[in-house]
Structure formats: C-alpha cells, structure tokens
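**Q** File run.pdb below, PDB, C-alpha atoms:
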ATOM      1  CA  MET A  23     -10.771  20.791 -40.250
ATOM      2  CA  TYR A  24     -11.793  17.195 -39.626
ATOM      3  CA  GLU A  25     -14.967  15.439 -38.549
ATOM      4  CA  MET A  26     -14.573  13.737 -35.173
ATOM      5  CA  LYS A  27     -15.174   9.977 -35.380
ATOM      6  CA  THR A  28     -17.225   8.097 -32.816
ATOM      7  CA  VAL A  29     -16.743   4.598 -31.443
ATOM      8  CA  ARG A  30     -19.306   3.117 -33.846
ATOM      9  CA  ASP A  31     -16.985   4.115 -36.726
ATOM     10  CA  PHE A  32     -14.065   1.944 -35.612
ATOM     11  CA  MET A  33     -15.320  -0.534 -32.982
ATOM     12  CA  ARG A  34     -14.853  -4.286 -33.336
ATOM     13  CA  CYS A  35     -17.924  -6.494 -33.330
ATOM     14  CA  GLN A  36     -16.363  -9.942 -33.908
ATOM     15  CA  LEU A  37     -15.125 -10.772 -30.422
ATOM     16  CA  VAL A  38     -13.544 -13.588 -28.473
ATOM     17  CA  THR A  39     -15.480 -13.871 -25.210
ATOM     18  CA  LEU A  40     -15.132 -16.119 -22.173
ATOM     19  CA  ASP A  41     -17.548 -17.790 -19.783
ATOM     20  CA  PRO A  42     -16.872 -17.132 -16.070
ATOM     21  CA  GLU A  43     -16.834 -20.906 -15.420
ATOM     22  CA  THR A  44     -14.063 -21.510 -17.961
ATOM     23  CA  CYS A  45     -10.930 -23.068 -16.458
ATOM     24  CA  VAL A  46      -8.186 -20.457 -16.087
ATOM     25  CA  LEU A  47      -5.696 -22.477 -18.145
ATOM     26  CA  ASP A  48      -8.265 -22.788 -20.950
ATOM     27  CA  GLY A  49      -8.978 -19.052 -20.763
ATOM     28  CA  ILE A  50      -5.278 -18.260 -21.031
ATOM     29  CA  GLY A  51      -4.997 -20.708 -23.909
ATOM     30  CA  ASN A  52      -7.711 -18.731 -25.718
ATOM     31  CA  LEU A  53      -5.829 -15.451 -25.252
ATOM     32  CA  LEU A  54      -2.626 -16.991 -26.612
ATOM     33  CA  LYS A  55      -4.382 -18.821 -29.453
ATOM     34  CA  HIS A  56      -6.098 -15.659 -30.707
ATOM     35  CA  ASN A  57      -3.067 -13.450 -29.980
ATOM     36  CA  ILE A  58      -5.094 -11.041 -27.831
ATOM     37  CA  SER A  59      -4.219  -9.432 -24.505
ATOM     38  CA  GLY A  60      -7.672  -9.804 -22.959
ATOM     39  CA  ALA A  61     -11.254 -10.894 -23.512
ATOM     40  CA  PRO A  62     -14.652  -9.825 -22.139
ATOM     41  CA  VAL A  63     -16.373 -12.273 -19.792
ATOM     42  CA  VAL A  64     -20.137 -12.528 -20.390
ATOM     43  CA  ASP A  65     -23.053 -14.565 -19.101
ATOM     44  CA  SER A  66     -25.424 -16.604 -21.253
ATOM     45  CA  SER A  67     -27.514 -13.530 -22.150
ATOM     46  CA  GLY A  68     -24.549 -11.404 -23.214
ATOM     47  CA  VAL A  69     -24.336  -9.231 -20.090
ATOM     48  CA  LEU A  70     -20.784  -8.116 -19.378
ATOM     49  CA  LEU A  71     -19.425  -9.528 -16.121
ATOM     50  CA  GLY A  72     -15.805  -8.414 -16.401
ATOM     51  CA  VAL A  73     -12.624  -8.648 -18.452
ATOM     52  CA  PHE A  74     -10.019 -11.418 -18.272
ATOM     53  CA  SER A  75      -6.651  -9.955 -19.261
ATOM     54  CA  GLU A  76      -2.984 -10.924 -19.384
ATOM     55  CA  LYS A  77      -2.581  -9.305 -15.985
ATOM     56  CA  CYS A  78      -5.478 -11.339 -14.562
ATOM     57  CA  SER A  79      -3.910 -14.426 -16.115
ATOM     58  CA  MET A  80      -0.595 -13.788 -14.392
ATOM     59  CA  SER A  81      -2.354 -13.316 -11.056
ATOM     60  CA  SER A  82      -3.821 -16.803 -11.416
ATOM     61  CA  LEU A  83      -0.658 -18.500 -12.684
ATOM     62  CA  THR A  84       1.974 -16.916 -10.474
ATOM     63  CA  SER A  85       0.601 -18.561  -7.336
ATOM     64  CA  VAL A  86       0.702 -21.915  -9.162
ATOM     65  CA  LEU A  87       4.359 -21.327 -10.022
ATOM     66  CA  GLU A  88       5.072 -20.504  -6.389
ATOM     67  CA  ILE A  89       3.596 -23.890  -5.428
ATOM     68  CA  GLY A  90       5.850 -25.570  -7.995
ATOM     69  CA  PHE A  91       8.908 -23.603  -6.864
ATOM     70  CA  GLU A  92       8.279 -24.571  -3.231
ATOM     71  CA  SER A  93       8.087 -28.222  -4.285
ATOM     72  CA  GLY A  94      11.541 -28.058  -5.889
ATOM     73  CA  MET A  95      10.777 -27.281  -9.559
ATOM     74  CA  SER A  96      13.262 -25.026 -11.322
ATOM     75  CA  VAL A  97      12.132 -21.601 -12.523
ATOM     76  CA  PRO A  98      13.567 -20.234 -15.794
ATOM     77  CA  ARG A  99      15.563 -17.017 -15.946
ATOM     78  CA  VAL A 100      14.823 -14.083 -18.233
ATOM     79  CA  LYS A 101      17.626 -14.967 -20.653
ATOM     80  CA  SER A 102      15.952 -18.296 -21.492
ATOM     81  CA  PHE A 103      12.655 -16.842 -22.719
ATOM     82  CA  MET A 104      13.203 -13.161 -23.549
ATOM     83  CA  THR A 105      12.667 -11.896 -27.095
ATOM     84  CA  ARG A 106      15.973 -11.004 -28.740
ATOM     85  CA  ASP A 107      14.839  -9.932 -32.227
ATOM     86  CA  LEU A 108      13.261  -6.527 -31.654
ATOM     87  CA  VAL A 109      11.675  -3.676 -33.505
ATOM     88  CA  THR A 110      13.412  -0.549 -32.214
ATOM     89  CA  LEU A 111      13.036   3.170 -32.806
ATOM     90  CA  SER A 112      15.424   6.101 -33.036
ATOM     91  CA  PRO A 113      14.785   9.016 -30.623
ATOM     92  CA  GLU A 114      14.904  11.391 -33.611
ATOM     93  CA  ILE A 115      12.136   9.757 -35.643
ATOM     94  CA  ASP A 116       8.935  11.775 -36.027
ATOM     95  CA  VAL A 117       6.295  10.664 -33.533
ATOM     96  CA  PHE A 118       3.661  10.068 -36.240
ATOM     97  CA  ASP A 119       6.087   7.916 -38.222
ATOM     98  CA  ALA A 120       6.732   5.959 -35.020
ATOM     99  CA  ILE A 121       2.992   5.395 -34.591
ATOM    100  CA  ASP A 122       2.848   4.139 -38.183
ATOM    101  CA  HIS A 123       5.606   1.638 -37.370
ATOM    102  CA  LEU A 124       3.777   0.324 -34.295
ATOM    103  CA  LEU A 125       0.647  -0.185 -36.383
ATOM    104  CA  LYS A 126       2.514  -1.699 -39.334
ATOM    105  CA  LYS A 127       4.454  -4.145 -37.167
ATOM    106  CA  CYS A 128       1.370  -4.976 -35.045
ATOM    107  CA  ILE A 129       3.147  -4.234 -31.767
ATOM    108  CA  SER A 130       2.031  -2.107 -28.824
ATOM    109  CA  GLY A 131       5.401  -0.493 -28.159
ATOM    110  CA  ALA A 132       9.096  -0.499 -28.959
ATOM    111  CA  PRO A 133      12.378   0.321 -27.186
ATOM    112  CA  VAL A 134      14.137   3.513 -28.262
ATOM    113  CA  ILE A 135      17.905   3.313 -28.862
ATOM    114  CA  ASN A 136      20.379   5.930 -30.056
ATOM    115  CA  ALA A 137      22.922   5.652 -32.892
ATOM    116  CA  GLU A 138      25.426   4.000 -30.513
ATOM    117  CA  GLY A 139      22.916   1.276 -29.607
ATOM    118  CA  GLU A 140      22.318   2.616 -26.092
ATOM    119  CA  TYR A 141      18.886   2.292 -24.513
ATOM    120  CA  GLN A 142      16.960   5.569 -24.180
ATOM    121  CA  GLY A 143      13.369   4.687 -23.282
ATOM    122  CA  VAL A 144      10.164   3.087 -24.577
ATOM    123  CA  PHE A 145       7.609   4.450 -27.030
ATOM    124  CA  SER A 146       4.241   2.747 -26.573
ATOM    125  CA  GLU A 147       0.590   3.005 -27.532
ATOM    126  CA  LYS A 148      -0.014   4.958 -24.350
ATOM    127  CA  THR A 149       2.703   7.535 -25.029
ATOM    128  CA  ALA A 150       1.400   7.710 -28.604
ATOM    129  CA  MET A 151      -1.988   8.738 -27.150
ATOM    130  CA  GLN A 152      -0.278  11.751 -25.575
ATOM    131  CA  ALA A 153       1.002  12.827 -28.987
ATOM    132  CA  LEU A 154      -2.413  12.437 -30.597
ATOM    133  CA  ILE A 155      -4.192  14.405 -27.876
ATOM    134  CA  ALA A 156      -1.557  17.156 -28.064
ATOM    135  CA  ALA A 157      -2.185  17.347 -31.822
ATOM    136  CA  VAL A 158      -5.859  18.082 -31.103
ATOM    137  CA  TYR A 159      -5.743  20.319 -28.037
ATOM    138  CA  ASP A 160      -2.511  22.209 -28.621
ATOM    139  CA  GLN A 161      -2.368  22.006 -32.422
ATOM    140  CA  LEU A 162       1.237  20.883 -32.096
ATOM    141  CA  PRO A 163       3.140  19.879 -35.241
ATOM    142  CA  GLY A 164       4.892  16.539 -35.463
ATOM    143  CA  THR A 165       7.828  16.214 -33.102
ATOM    144  CA  SER A 166      10.338  13.506 -32.288
ATOM    145  CA  VAL A 167       9.795  10.314 -30.272
ATOM    146  CA  ALA A 168      12.301  11.634 -27.708
ATOM    147  CA  HIS A 169       9.608  14.059 -26.458
ATOM    148  CA  TYR A 170       7.095  11.271 -25.765
ATOM    149  CA  MET A 171       9.037   8.139 -24.813
ATOM    150  CA  ASP A 172       8.741   6.646 -21.312
ATOM    151  CA  LEU A 173      11.988   7.207 -19.371
ATOM    152  CA  ASP A 174      11.157   5.184 -16.247
ATOM    153  CA  ARG A 175      14.286   3.183 -15.377
ATOM    154  CA  ASN A 176      12.329   1.077 -12.881
ATOM    155  CA  ARG A 177      10.906  -0.967 -15.761
ATOM    156  CA  LEU A 178      14.323  -2.408 -16.674
ATOM    157  CA  VAL A 179      15.191  -6.058 -15.920
ATOM    158  CA  SER A 180      18.285  -8.254 -15.986
ATOM    159  CA  GLU A 181      18.964 -11.415 -17.970
ATOM    160  CA  GLU A 182      19.440 -13.237 -14.660
ATOM    161  CA  ASP A 183      16.070 -12.305 -13.133
ATOM    162  CA  LEU A 184      13.741 -15.237 -12.451
ATOM    163  CA  LEU A 185      10.390 -15.725 -14.161
ATOM    164  CA  LEU A 186       8.614 -15.346 -10.815
ATOM    165  CA  ASP A 187      10.358 -12.032 -10.083
ATOM    166  CA  VAL A 188       9.377 -10.586 -13.475
ATOM    167  CA  ALA A 189       5.792 -11.857 -13.124
ATOM    168  CA  HIS A 190       5.465 -10.102  -9.767
ATOM    169  CA  ARG A 191       6.756  -6.857 -11.289
ATOM    170  CA  PHE A 192       4.245  -7.045 -14.122
ATOM    171  CA  GLN A 193       1.448  -7.538 -11.583
ATOM    172  CA  LYS A 194       2.488  -4.389  -9.704
ATOM    173  CA  THR A 195       2.986  -2.086 -12.715
ATOM    174  CA  PRO A 196       0.920  -1.001 -15.749
ATOM    175  CA  TYR A 197       3.714  -1.863 -18.182
ATOM    176  CA  ARG A 198       3.380  -4.480 -20.933
ATOM    177  CA  ARG A 199       7.095  -4.862 -21.626
ATOM    178  CA  PHE A 200      10.394  -4.657 -19.770
ATOM    179  CA  PRO A 201      13.595  -3.920 -21.717
ATOM    180  CA  VAL A 202      16.493  -6.221 -20.806
ATOM    181  CA  LEU A 203      19.835  -4.437 -20.570
ATOM    182  CA  ARG A 204      23.459  -5.496 -20.314
ATOM    183  CA  GLY A 205      25.131  -2.351 -19.052
ATOM    184  CA  ASN A 206      23.336   0.316 -21.083
ATOM    185  CA  ARG A 207      22.932  -1.910 -24.147
ATOM    186  CA  LEU A 208      19.590  -3.390 -25.095
ATOM    187  CA  VAL A 209      19.916  -7.187 -25.387
ATOM    188  CA  GLY A 210      16.274  -8.215 -25.337
ATOM    189  CA  GLN A 211      12.772  -7.545 -24.120
ATOM    190  CA  ILE A 212      10.237  -9.303 -21.913
ATOM    191  CA  SER A 213       6.550  -8.743 -22.557
ATOM    192  CA  ARG A 214       3.554  -9.855 -20.536
ATOM    193  CA  ARG A 215       2.875 -12.326 -23.329
ATOM    194  CA  ASP A 216       6.396 -13.801 -23.028
ATOM    195  CA  VAL A 217       5.874 -14.271 -19.298
ATOM    196  CA  LEU A 218       2.389 -15.670 -19.812
ATOM    197  CA  GLN A 219       3.629 -18.264 -22.312
ATOM    198  CA  ALA A 220       6.455 -19.252 -19.969
ATOM    199  CA  GLU A 221       4.121 -19.425 -16.975
ATOM    200  CA  GLN A 222       1.573 -21.494 -18.884
ATOM    201  CA  CYS A 223       4.252 -24.056 -19.797
ATOM    202  CA  MET A 224       5.405 -24.297 -16.191
ATOM    203  CA  ALA A 225       1.837 -24.398 -14.812
ATOM    204  CA  LEU A 226       1.008 -27.339 -17.079
ATOM    205  CA  ASP A 227       4.141 -29.100 -15.781
ATOM    206  CA  VAL A 228       3.109 -28.384 -12.193
ATOM    207  CA  GLN A 229      -0.380 -29.705 -12.874
ATOM    208  CA  ALA A 230       0.959 -32.902 -14.468
ATOM    209  CA  ARG A 231       3.457 -33.410 -11.663
ATOM    210  CA  PHE A 232       0.867 -33.116  -8.918
ATOM    211  CA  ARG A 233      -1.518 -35.456 -10.717
ATOM    212  CA  SER A 234       1.127 -38.160 -11.200
ATOM    213  CA  ALA A 235       2.746 -37.770  -7.789
ATOM    214  CA  GLY A 236      -0.517 -38.111  -5.895
ATOM    215  CA  ASP A 237      -0.092 -34.866  -3.962
ATOM    216  CA  SER A 238      -2.693 -33.664  -1.517
ATOM    217  CA  PRO A 239      -6.194 -32.883  -2.821
ATOM    218  CA  GLU A 240      -5.695 -29.310  -1.593
ATOM    219  CA  LYS A 241      -2.717 -28.760  -3.894
ATOM    220  CA  ARG A 242      -4.450 -30.316  -6.869
ATOM    221  CA  ALA A 243      -7.556 -28.243  -6.233
ATOM    222  CA  ALA A 244      -5.446 -25.066  -6.006
ATOM    223  CA  ILE A 245      -4.517 -25.577  -9.657
ATOM    224  CA  ILE A 246      -7.359 -27.439 -11.338
ATOM    225  CA  SER A 247     -10.349 -25.627  -9.801
ATOM    226  CA  ARG A 248      -9.332 -22.092 -10.823
ATOM    227  CA  ARG A 249     -11.960 -20.348 -12.947
ATOM    228  CA  VAL A 250     -11.882 -17.226 -15.111
ATOM    229  CA  GLY A 251     -14.615 -15.642 -12.987
ATOM    230  CA  ASP A 252     -12.377 -15.770  -9.910
ATOM    231  CA  TYR A 253      -9.707 -13.581 -11.508
ATOM    232  CA  MET A 254     -11.484 -11.336 -14.020
ATOM    233  CA  ASP A 255     -11.502  -7.552 -13.574
ATOM    234  CA  ARG A 256     -15.054  -6.720 -12.500
ATOM    235  CA  ASP A 257     -14.463  -2.941 -12.499
ATOM    236  CA  ALA A 258     -13.094  -2.521 -16.023
ATOM    237  CA  LEU A 259     -13.989   0.737 -17.789
ATOM    238  CA  THR A 260     -16.623   0.583 -20.518
ATOM    239  CA  THR A 261     -17.901   2.957 -23.180
ATOM    240  CA  CYS A 262     -20.748   3.322 -25.680
ATOM    241  CA  LYS A 263     -21.085   3.574 -29.461
ATOM    242  CA  GLY A 264     -21.645   7.335 -29.336
ATOM    243  CA  ALA A 265     -18.426   8.217 -27.497
ATOM    244  CA  ASP A 266     -16.123  10.338 -29.651
ATOM    245  CA  LEU A 267     -12.592   9.364 -30.536
ATOM    246  CA  LEU A 268     -10.976  12.027 -28.375
ATOM    247  CA  SER A 269     -12.894  11.090 -25.216
ATOM    248  CA  VAL A 270     -11.939   7.430 -25.695
ATOM    249  CA  ALA A 271      -8.286   8.427 -26.192
ATOM    250  CA  GLN A 272      -8.478  10.344 -22.902
ATOM    251  CA  MET A 273      -9.917   7.279 -21.156
ATOM    252  CA  PHE A 274      -7.004   5.175 -22.367
ATOM    253  CA  LEU A 275      -4.479   7.853 -21.418
ATOM    254  CA  ASN A 276      -5.838   8.162 -17.873
ATOM    255  CA  SER A 277      -6.173   4.435 -17.160
ATOM    256  CA  PRO A 278      -4.075   1.244 -17.462
ATOM    257  CA  TYR A 279      -6.583  -0.408 -19.801
ATOM    258  CA  ARG A 280      -5.784  -1.453 -23.383
ATOM    259  CA  ARG A 281      -9.362  -2.224 -24.391
ATOM    260  CA  LEU A 282     -12.837  -0.925 -23.542
ATOM    261  CA  PRO A 283     -15.984  -3.085 -23.839
ATOM    262  CA  ILE A 284     -18.844  -1.296 -25.613
ATOM    263  CA  LEU A 285     -22.214  -1.732 -23.959
ATOM    264  CA  GLU A 286     -25.849  -1.204 -24.868
ATOM    265  CA  HIS A 287     -28.327  -1.737 -22.008
ATOM    266  CA  GLY A 288     -25.633  -3.613 -20.083
ATOM    267  CA  LYS A 289     -24.965  -6.074 -22.896
ATOM    268  CA  LEU A 290     -21.708  -6.387 -24.782
ATOM    269  CA  VAL A 291     -21.972  -5.205 -28.404
ATOM    270  CA  GLY A 292     -18.341  -4.564 -29.282
ATOM    271  CA  LEU A 293     -14.851  -3.664 -28.195
ATOM    272  CA  VAL A 294     -12.413  -0.838 -28.861
ATOM    273  CA  SER A 295      -8.676  -1.044 -28.170
ATOM    274  CA  ARG A 296      -5.828   1.451 -28.009
ATOM    275  CA  ARG A 297      -4.728   0.165 -31.385
ATOM    276  CA  ASP A 298      -8.180   0.846 -32.858
ATOM    277  CA  VAL A 299      -7.996   4.433 -31.613
ATOM    278  CA  LEU A 300      -4.487   4.914 -33.002
ATOM    279  CA  GLN A 301      -5.514   3.527 -36.385
ATOM    280  CA  ALA A 302      -8.584   5.764 -36.495
ATOM    281  CA  ALA A 303      -6.720   8.874 -35.359
ATOM    282  CA  ALA A 304      -3.208   8.645 -36.805
ATOM    283  CA  GLY A 305      -4.101   9.688 -40.341
ATOM    284  CA  LEU A 306      -6.835  12.065 -39.237
ATOM    285  CA  LEU A 307      -4.663  14.088 -36.863
ATOM    286  CA  ARG A 308      -1.349  13.854 -38.691
ATOM    287  CA  PRO A 309       0.100  17.320 -39.334
ATOM    288  CA  SER A 310      -0.057  18.161 -43.035
ATOM    289  CA  ALA A 311       3.375  19.753 -43.264
ATOM    290  CA  THR A 312       6.027  17.705 -45.031
ATOM    291  CA  ARG A 313       8.619  16.373 -42.620
ATOM    292  CA  CYS A 314      12.269  15.552 -43.211
ATOM    293  CA  THR A 315      13.246  13.133 -40.462
ATOM    294  CA  PRO A 316      15.559  10.128 -40.064
ATOM    295  CA  GLU A 317      14.092   6.700 -40.774
ATOM    296  CA  THR A 318      13.458   4.326 -37.916
ATOM    297  CA  LEU A 319      16.032   1.812 -36.796
ATOM    298  CA  TYR A 320      14.578  -1.661 -36.792
ATOM    299  CA  LEU A 321      15.664  -5.254 -36.811
ATOM    300  CA  SER A 322      13.567  -8.278 -37.612
ATOM    301  CA  PRO A 323       9.970  -8.590 -36.329
ATOM    302  CA  VAL A 324       9.334  -9.839 -32.809
ATOM    303  CA  ARG A 325       9.180 -13.612 -32.548
ATOM    304  CA  LYS A 326       5.803 -15.040 -31.630
ATOM    305  CA  SER A 327       6.929 -18.594 -30.933
ATOM    306  CA  VAL A 328       7.804 -20.054 -27.555
ATOM    307  CA  PRO A 329      11.601 -20.322 -27.058
ATOM    308  CA  ASP A 330      13.069 -23.833 -27.423
ATOM    309  CA  SER A 331      14.101 -23.826 -23.768
ATOM    310  CA  LEU A 332      10.433 -23.796 -22.735
ATOM    311  CA  ARG A 333       9.053 -26.399 -25.124
TER
END
For this file, write the structure as structure tokens.

**A**
Amino acid sequence: MYEMKTVRDFMRCQLVTLDPETCVLDGIGNLLKHNISGAPVVDSSGVLLGVFSEKCSMSSLTSVLEIGFESGMSVPRVKSFMTRDLVTLSPEIDVFDAIDHLLKKCISGAPVINAEGEYQGVFSEKTAMQALIAAVYDQLPGTSVAHYMDLDRNRLVSEEDLLLDVAHRFQKTPYRRFPVLRGNRLVGQISRRDVLQAEQCMALDVQARFRSAGDSPEKRAAIISRRVGDYMDRDALTTCKGADLLSVAQMFLNSPYRRLPILEHGKLVGLVSRRDVLQAAAGLLRPSATRCTPETLYLSPVRKSVPDSLR
C-alpha cells in the first residue's frame, strides 16, 4: 500500500511568468530560452490572467507568416527543419520502462518502431497517464508500450509539407509532435517547438523586411503590436495544493493541457506539469514484480539547436 501524494509534494514554485503587455515575440523568446512549453501570465499583484503556451504562440506567429508568404517570402519545408536524431521505443518494451526513458531523456513522447524499423505509433506523457491510472484503478501489472501507444495516422506528415501547413495542423490538434514518414519508415519528427523555432526565425525576417521596405503602417502594426495578453489561454485549468496525485493525473488525461497553474485565493503560487506527475507517480505505482522485457531501441538524443537552414 502507498500513501497518495498531493500537489504540494511535487509542485514547482520557481516559475517563469509573463506580463500580458509583453510583446509576443519576446514572450516566445522566453519560452524558447527557458526550454518550456508555456508560462503563466500574471498581473502586478500575482493574480493569474491566463497561460501563454506553444499553441498560443503559433496562433500569433502563423498569421505573420501568412503575411510574409503573401508578400513573396519563401516558406521552408518539413525536411529543412525536422529533427532527424530521435529517441525511439520498441512496442515490446514494458510501459514503466518506457516512462523511465521519457523522464531520463527529458522528452514528452517518442515514436514507436518495430524491429524492421517500421513506424507503429507514438508513446507520450498523455498515454503514459493512462498506464498510471490503470495501475491504480485496475491494479494492472506492467504491460507493453504497444497497449498504450497512440495509433492515430492523421498525425503523420511528409518531408515535403510546408511550415505553414504543419503549423495549421498543430493549431487544430492536441498533439505536440508529428512523425515524418517515407513510406512506412520513420525519417524524422516535427514538434511544436521545432515549428515555433522555425516560425520565430521567419517572423523576425518578416518584421525586418517590412521595417526596411517601408510597408504600410497596418502591416507593420499587425506584427509589432501583438501582445501576449491577446493570445493567452484565459480558460486554462487550474488546481490547488491539496489536490491528490490521481485527481491531477485525471485532469491531464481528460484535457489537452501539459501544465496546471496552482492557485491560492486567485494568486499563482506554483505549477504542476505532466512530467511532474509522471516523476511523482512512476516509482510509486510501479508493479513490484520483476519483469523480463526487451530493452528500448534508441538513437542519439533529440537535437535542441535550430537547423543550419534556418539560421
């Protein structure tokens, strides 16, 4: 038997926050600089106003790219900025070992490929939540990743897809990564972060071009005057210090959110992410029986730098 943890046991108190009047490009720069997928937006007294996420960032940047595209600027294709060096998993690996690999490699998900190198699906933090909850409610022993991976083929993209096309797909789906296939072979992966970095580079080019070319004040204002407060998610879920680990896991499982602000009397006091929940729960809920399972397949860690083609 185990003692159920509460949010106060694993919440984060050292946070990166944003002001609603912050320029969108500066807000995105903060997300990329601190390697985070979102940040709470607060007023001067610490009251939570919303959350500015990667998805919010893409909503603000994609329209800028459309302005640039309409003015004749070229838009990169997936093959020029996708990540090629991937952490991958075998469908036979035990689900708790797979969770350990996500935590160890500091990634939120990984493609699953079989022994022949063929793409099978994606195992992510969200599918990992399903395994953890099953371990509590159904007392299920460890099972393979194949039982929990995401099989949706609609998340797949081509090397020839344009940045704008992929950005639009990310805006319409809850996914954080799209596997890139050639036939049925995995050749790369596009994450929201990859798209965000590529969009930021192009948006800065668009901004510089409009400034130097003396375009209309309306076009310049459409880029320069954008503020974090205009794009933040004002309806983001929140929780409190006393919420138990299982209830928070359920909130993550039933929503698209990757982080929950923690409030006391309306003021932000901390943050809890899917990763925090996985770290707190993985060891606690791991079945005690010894397992004999294949080791994971993995290549080198995911690159964090911007591809040369976008510098």

**Q** Any idea what's packed within 7 Å of A:Tyr141, counting only C-alpha atoms, ignoring anything in its chain fewer than 5 positions away? Could you give it as a ChimeraX atom specification?

**A** /A:134-136,206-208

**Q** Could you write out that same residue set with C-alpha atoms as a CSV table (one decimal), in the coordinates of the input?

**A**
chain,number,residue,atom,x,y,z
A,134,VAL,CA,14.1,3.5,-28.3
A,135,ILE,CA,17.9,3.3,-28.9
A,136,ASN,CA,20.4,5.9,-30.1
A,206,ASN,CA,23.3,0.3,-21.1
A,207,ARG,CA,22.9,-1.9,-24.1
A,208,LEU,CA,19.6,-3.4,-25.1

**Q** What lies within 10 Å of A:Asp31 using all atoms listed in the file, ignoring chain neighbours under 2 positions off, as a list in words?

**A** Lys27, Thr28, Val29, Met33, Arg34, Lys263, Gly264, Asp266, Leu267 and Ala302 of chain A

**Q** Please measure the separation of atom CA of A:Arg296 and atom CA of A:Arg280, giving the value in Å to one decimal.

**A**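 Atom CA of A:Arg280 lies 5.5 Å from atom CA of A:Arg296.
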
**Q** Please report, as JSON lines, each residue of stretch 87-186 of chain A lying at most 12 Å from stretch 49-65 of chain A, together with the nearest pair of atoms and the separation in Å rounded to one decimal; use all atoms listed in the file, and order rows by chain and ascending residue number.

**A**
{"residue": "A:Cys128", "atom": "CA", "partner": "A:Asn57", "partner_atom": "CA", "distance": 10.8}
{"residue": "A:Ile129", "atom": "CA", "partner": "A:Asn57", "partner_atom": "CA", "distance": 11.3}
{"residue": "A:Ser130", "atom": "CA", "partner": "A:Ser59", "partner_atom": "CA", "distance": 10.6}

**Q** Leaving out A:Thr261 and any residue of its chain fewer than 2 positions from it, which residues lie within 8 Å of it when counting all atoms listed in the file, given as a list in words?

**A**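 So the residues in contact are Leu259, Lys263, Ala265, Val270, Leu282, Pro283, Ile284 and Leu285 of chain A.
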
**Q** Selection in question (the file shown): the PyMOL selection byres ((chain A and resi 200) around 7). Which residues does it include, as a list in words?

**A**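 Selected by the PyMOL selection byres ((chain A and resi 200) around 7) here: Arg177, Leu178, Val179, Arg199, Pro201, Val202, Gln211, Ile212 and Ser213 of chain A.
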
**Q** Fewer than 3 positions away in the same chain doesn't count, so skip those; otherwise give me all residues within 7 Å of A:Ala189, counting all atoms listed in the file, as a PyMOL selection string.

**A** chain A and resi 80+84+185-186+192-193+217

**Q** Rebuild stretch 187-206 of chain A to N, CA and C atoms - output it as a JSON list (two decimals), keeping the file's coordinate frame, please.

**A**
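Done, and the output landed in result_15.json:
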[["chain", "number", "residue", "atom", "x", "y", "z"],
["A", 187, "ASP", "N", 10.08, -13.43, -10.42],
["A", 187, "ASP", "CA", 10.36, -12.03, -10.08],
["A", 187, "ASP", "C", 9.75, -11.09, -11.11],
["A", 188, "VAL", "N", 9.91, -11.43, -12.40],
["A", 188, "VAL", "CA", 9.38, -10.59, -13.48],
["A", 188, "VAL", "C", 7.85, -10.59, -13.45],
["A", 189, "ALA", "N", 7.25, -11.76, -13.20],
["A", 189, "ALA", "CA", 5.79, -11.86, -13.12],
["A", 189, "ALA", "C", 5.24, -10.96, -12.02],
["A", 190, "HIS", "N", 5.91, -10.96, -10.86],
["A", 190, "HIS", "CA", 5.46, -10.10, -9.77],
["A", 190, "HIS", "C", 5.56, -8.63, -10.15],
["A", 191, "ARG", "N", 6.60, -8.26, -10.88],
["A", 191, "ARG", "CA", 6.76, -6.86, -11.29],
["A", 191, "ARG", "C", 5.67, -6.45, -12.28],
["A", 192, "PHE", "N", 5.33, -7.35, -13.18],
["A", 192, "PHE", "CA", 4.24, -7.04, -14.12],
["A", 192, "PHE", "C", 2.91, -6.85, -13.38],
["A", 193, "GLN", "N", 2.70, -7.65, -12.34],
["A", 193, "GLN", "CA", 1.45, -7.54, -11.58],
["A", 193, "GLN", "C", 1.34, -6.21, -10.85],
["A", 194, "LYS", "N", 2.49, -5.61, -10.50],
["A", 194, "LYS", "CA", 2.49, -4.39, -9.70],
["A", 194, "LYS", "C", 2.60, -3.12, -10.56],
["A", 195, "THR", "N", 2.81, -3.26, -11.86],
["A", 195, "THR", "CA", 2.99, -2.09, -12.72],
["A", 195, "THR", "C", 2.01, -2.14, -13.89],
["A", 196, "PRO", "N", 1.80, -1.01, -14.58],
["A", 196, "PRO", "CA", 0.92, -1.00, -15.75],
["A", 196, "PRO", "C", 1.64, -1.37, -17.04],
["A", 197, "TYR", "N", 2.93, -1.65, -16.96],
["A", 197, "TYR", "CA", 3.71, -1.86, -18.18],
["A", 197, "TYR", "C", 3.41, -3.21, -18.84],
["A", 198, "ARG", "N", 3.58, -3.25, -20.17],
["A", 198, "ARG", "CA", 3.38, -4.48, -20.93],
["A", 198, "ARG", "C", 4.70, -5.08, -21.40],
["A", 199, "ARG", "N", 5.80, -4.35, -21.21],
["A", 199, "ARG", "CA", 7.10, -4.86, -21.63],
["A", 199, "ARG", "C", 8.19, -4.29, -20.73],
["A", 200, "PHE", "N", 9.21, -5.10, -20.51],
["A", 200, "PHE", "CA", 10.39, -4.66, -19.77],
["A", 200, "PHE", "C", 11.62, -4.84, -20.66],
["A", 201, "PRO", "N", 12.33, -3.77, -20.99],
["A", 201, "PRO", "CA", 13.60, -3.92, -21.72],
["A", 201, "PRO", "C", 14.61, -4.67, -20.85],
["A", 202, "VAL", "N", 15.44, -5.48, -21.50],
["A", 202, "VAL", "CA", 16.49, -6.22, -20.81],
["A", 202, "VAL", "C", 17.82, -5.61, -21.23],
["A", 203, "LEU", "N", 18.58, -5.11, -20.26],
["A", 203, "LEU", "CA", 19.84, -4.44, -20.57],
["A", 203, "LEU", "C", 21.03, -5.22, -20.07],
["A", 204, "ARG", "N", 22.14, -5.05, -20.78],
["A", 204, "ARG", "CA", 23.46, -5.50, -20.31],
["A", 204, "ARG", "C", 24.32, -4.25, -20.32],
["A", 205, "GLY", "N", 24.56, -3.69, -19.13],
["A", 205, "GLY", "CA", 25.13, -2.35, -19.05],
["A", 205, "GLY", "C", 24.06, -1.37, -19.50],
["A", 206, "ASN", "N", 24.36, -0.58, -20.53],
["A", 206, "ASN", "CA", 23.34, 0.32, -21.08],
["A", 206, "ASN", "C", 22.91, -0.13, -22.48]]
